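Everything on this sheet refers to the single structure shown next.
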There are 2 protein chains.
Amino acid sequence: MYDKCLPAMPAAADSAFETDSTQLARRLKALAHPARLSIIEILAERDECICGEIVADLPLAQSTVSQHLKALKEAGLVQGSVDGPRTCYCLDPAAVAALEDDLGAFFDDLSPTAADCC
Amino acid sequence: MYDKCLPAMPAAADSAFETDSTQLARRLKALAHPARLSIIEILAERDECICGEIVADLPLAQSTVSQHLKALKEAGLVQGSVDGPRTCYCLDPAAVAALEDDLGAFFDDLSPTAADCC
DNA sequence: ATCGTACATCGCAATTGAACGATAAGACTA
DNA sequence: TAGTCTTATCGTTCAATTGCGATGTACGAT
């Protein structure tokens, strides 16, 4: 189960009382935006850590991109470290792999019902 | 790219001008809620099509569940058909498989960058 | 014909999300 | 020190989401 959602997935990350559904939903939500998907793709393309380049590659204001990066960081999918005047972002491979695994498990649990019934 | 997001993923499904990112993000958003994840799991468990049972299994009002089901239907992940006085919901196996594939492709594109760089 | 059940939809309130511009903070450079 | 460049954060605006109760609608049964 997941014990409802209000007030809007509170204190999400810190609590040990996060159900599987909530846990997965939180990370999926981080992924569920075209800009954030694009950011992840960009970070994967360049194995160098960039940031300003992300802004240049997206039709969004710098502040907007910064917020998306913050969301991805809070979801644990991306790491950021200060590098002189700029900030260096990159994927967290472990977190990405974990999400991939959890999604795989989720879909595997679904598969027994291969036939639709309606 | 994805050509921004305002006004909030408009006319989403009908347009042929949906980029990959937008397409995927739209379906992920349908998944990115604990209640909807639970609904999908419930639909997969029971190979019989239910609906009232979903309401009984979730700590949510009937109207709320109905809205979540609508969202899943709009995302194409779930099919609903009227069956006398009740409505019969079930997963769309093809859509689920397609989403699984697209996610697999997405993660595969990411994998070249196995090492983190920060 | 009327009642009850089962869903869907409407209307509402509260919260969150997305986007932007403006500003603050930090780090090099001259 | 002053200036520039880069990024984060603040404040604001508008739209979308989440949740609920109430109402509507459709079907079956009495």
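A note on labels: chains of the structure tokens are A, B, ... as shown, every chain counts residues from 1, and ligands are counted from 1 in their shown order.
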
Exercise for review: Identify every residue of chain C that has at least one atom within 12 Å of any atom of chain B, counting only C-alpha atoms (C1' of nucleotides), and report the result as an MDAnalysis selection string.
Suggested key: chainID C and resid 4:10 17:19

Exercise for review: Determine which residues of range 16-55 of chain B receive a DSSP assignment of helix (DSSP H, G or I), computed from the backbone, and state them as a VMD selection string.
Suggested key: chain B and resid 20 to 31 34 to 45 52 to 55

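If you look at CA of Ser21 in chain B and CA of Arg26 in chain A, they are 18.7 Å away from each other.
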
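Contacts from chain A to chain B at a cut-off of 6 Å (only C-alpha atoms) map to Ser21, Thr22, Ala25, Leu28, Lys29, Ala32, His33, Pro34, Ala44, Leu110 and Thr113 of chain A.
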
Any chance you could export the current selection's N, CA, C and O atoms as a compact mmCIF listing (two decimals), in the first residue's frame?
# COMPACT_ATOMS: atom_id res chain seq x y z
N SER A 21 6.03 1.58 -3.27
CA SER A 21 5.32 2.38 -4.26
C SER A 21 5.75 3.84 -4.18
O SER A 21 6.02 4.48 -5.19
N THR A 22 5.81 4.35 -2.98
CA THR A 22 6.17 5.75 -2.82
C THR A 22 7.59 5.99 -3.27
O THR A 22 7.89 6.98 -3.96
N ALA A 25 7.70 5.80 -7.02
CA ALA A 25 6.97 6.92 -7.61
C ALA A 25 7.78 8.21 -7.53
O ALA A 25 7.77 9.02 -8.45
N LEU A 28 10.36 8.11 -10.20
CA LEU A 28 9.74 8.23 -11.52
C LEU A 28 9.30 9.66 -11.78
O LEU A 28 9.38 10.16 -12.90
N LYS A 29 8.84 10.31 -10.72
CA LYS A 29 8.41 11.70 -10.88
C LYS A 29 9.58 12.57 -11.31
O LYS A 29 9.42 13.52 -12.08
N ALA A 32 9.88 12.11 -14.91
CA ALA A 32 8.68 12.33 -15.73
C ALA A 32 8.55 13.76 -16.21
O ALA A 32 7.51 14.39 -16.05
N HIS A 33 9.58 14.26 -16.78
CA HIS A 33 9.53 15.59 -17.38
C HIS A 33 10.51 15.63 -18.54
O HIS A 33 11.67 15.25 -18.36
N PRO A 34 10.05 16.09 -19.70
CA PRO A 34 10.93 16.06 -20.87
C PRO A 34 12.25 16.77 -20.65
O PRO A 34 13.29 16.28 -21.12
N ALA A 44 24.66 11.80 -19.93
CA ALA A 44 25.19 10.49 -20.32
C ALA A 44 26.07 10.60 -21.57
O ALA A 44 27.09 9.93 -21.66
N LEU A 110 4.42 -7.61 -13.18
CA LEU A 110 3.21 -7.38 -13.98
C LEU A 110 3.00 -8.47 -15.02
O LEU A 110 1.87 -8.81 -15.36
N THR A 113 0.25 -11.46 -16.03
CA THR A 113 -0.99 -11.15 -16.71
C THR A 113 -0.69 -10.71 -18.13
O THR A 113 -0.78 -9.54 -18.47

If we count only C-alpha atoms (C1' of nucleotides), which residues of chain D reach to within 10 Å of chain A? Please list them as a PDB file with C-alpha atoms (C1' of nucleotides), in the first residue's frame.
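Saved file iface.pdb follows:
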ATOM      1  C1'  DC D   5      31.498  34.782 -15.255  1.00  0.00           C
ATOM      2  C1'  DT D   6      28.881  30.883 -13.390  1.00  0.00           C
ATOM      3  C1'  DT D   7      25.492  28.990 -10.655  1.00  0.00           C
ATOM      4  C1'  DA D   8      22.062  28.971  -6.907  1.00  0.00           C
ATOM      5  C1'  DT D   9      18.237  30.935  -4.808  1.00  0.00           C
ATOM      6  C1'  DT D  17      -2.315  17.876  -9.534  1.00  0.00           C
ATOM      7  C1'  DT D  18      -4.309  15.776  -5.700  1.00  0.00           C
ATOM      8  C1'  DG D  19      -7.936  14.974  -2.888  1.00  0.00           C
TER       9       DG D  19
END

Point to revise | Straight-line distance linking C1' of DT2 in chain C with C1' of DA26 in chain D, stated in Å to one decimal | key: 14.5 Å
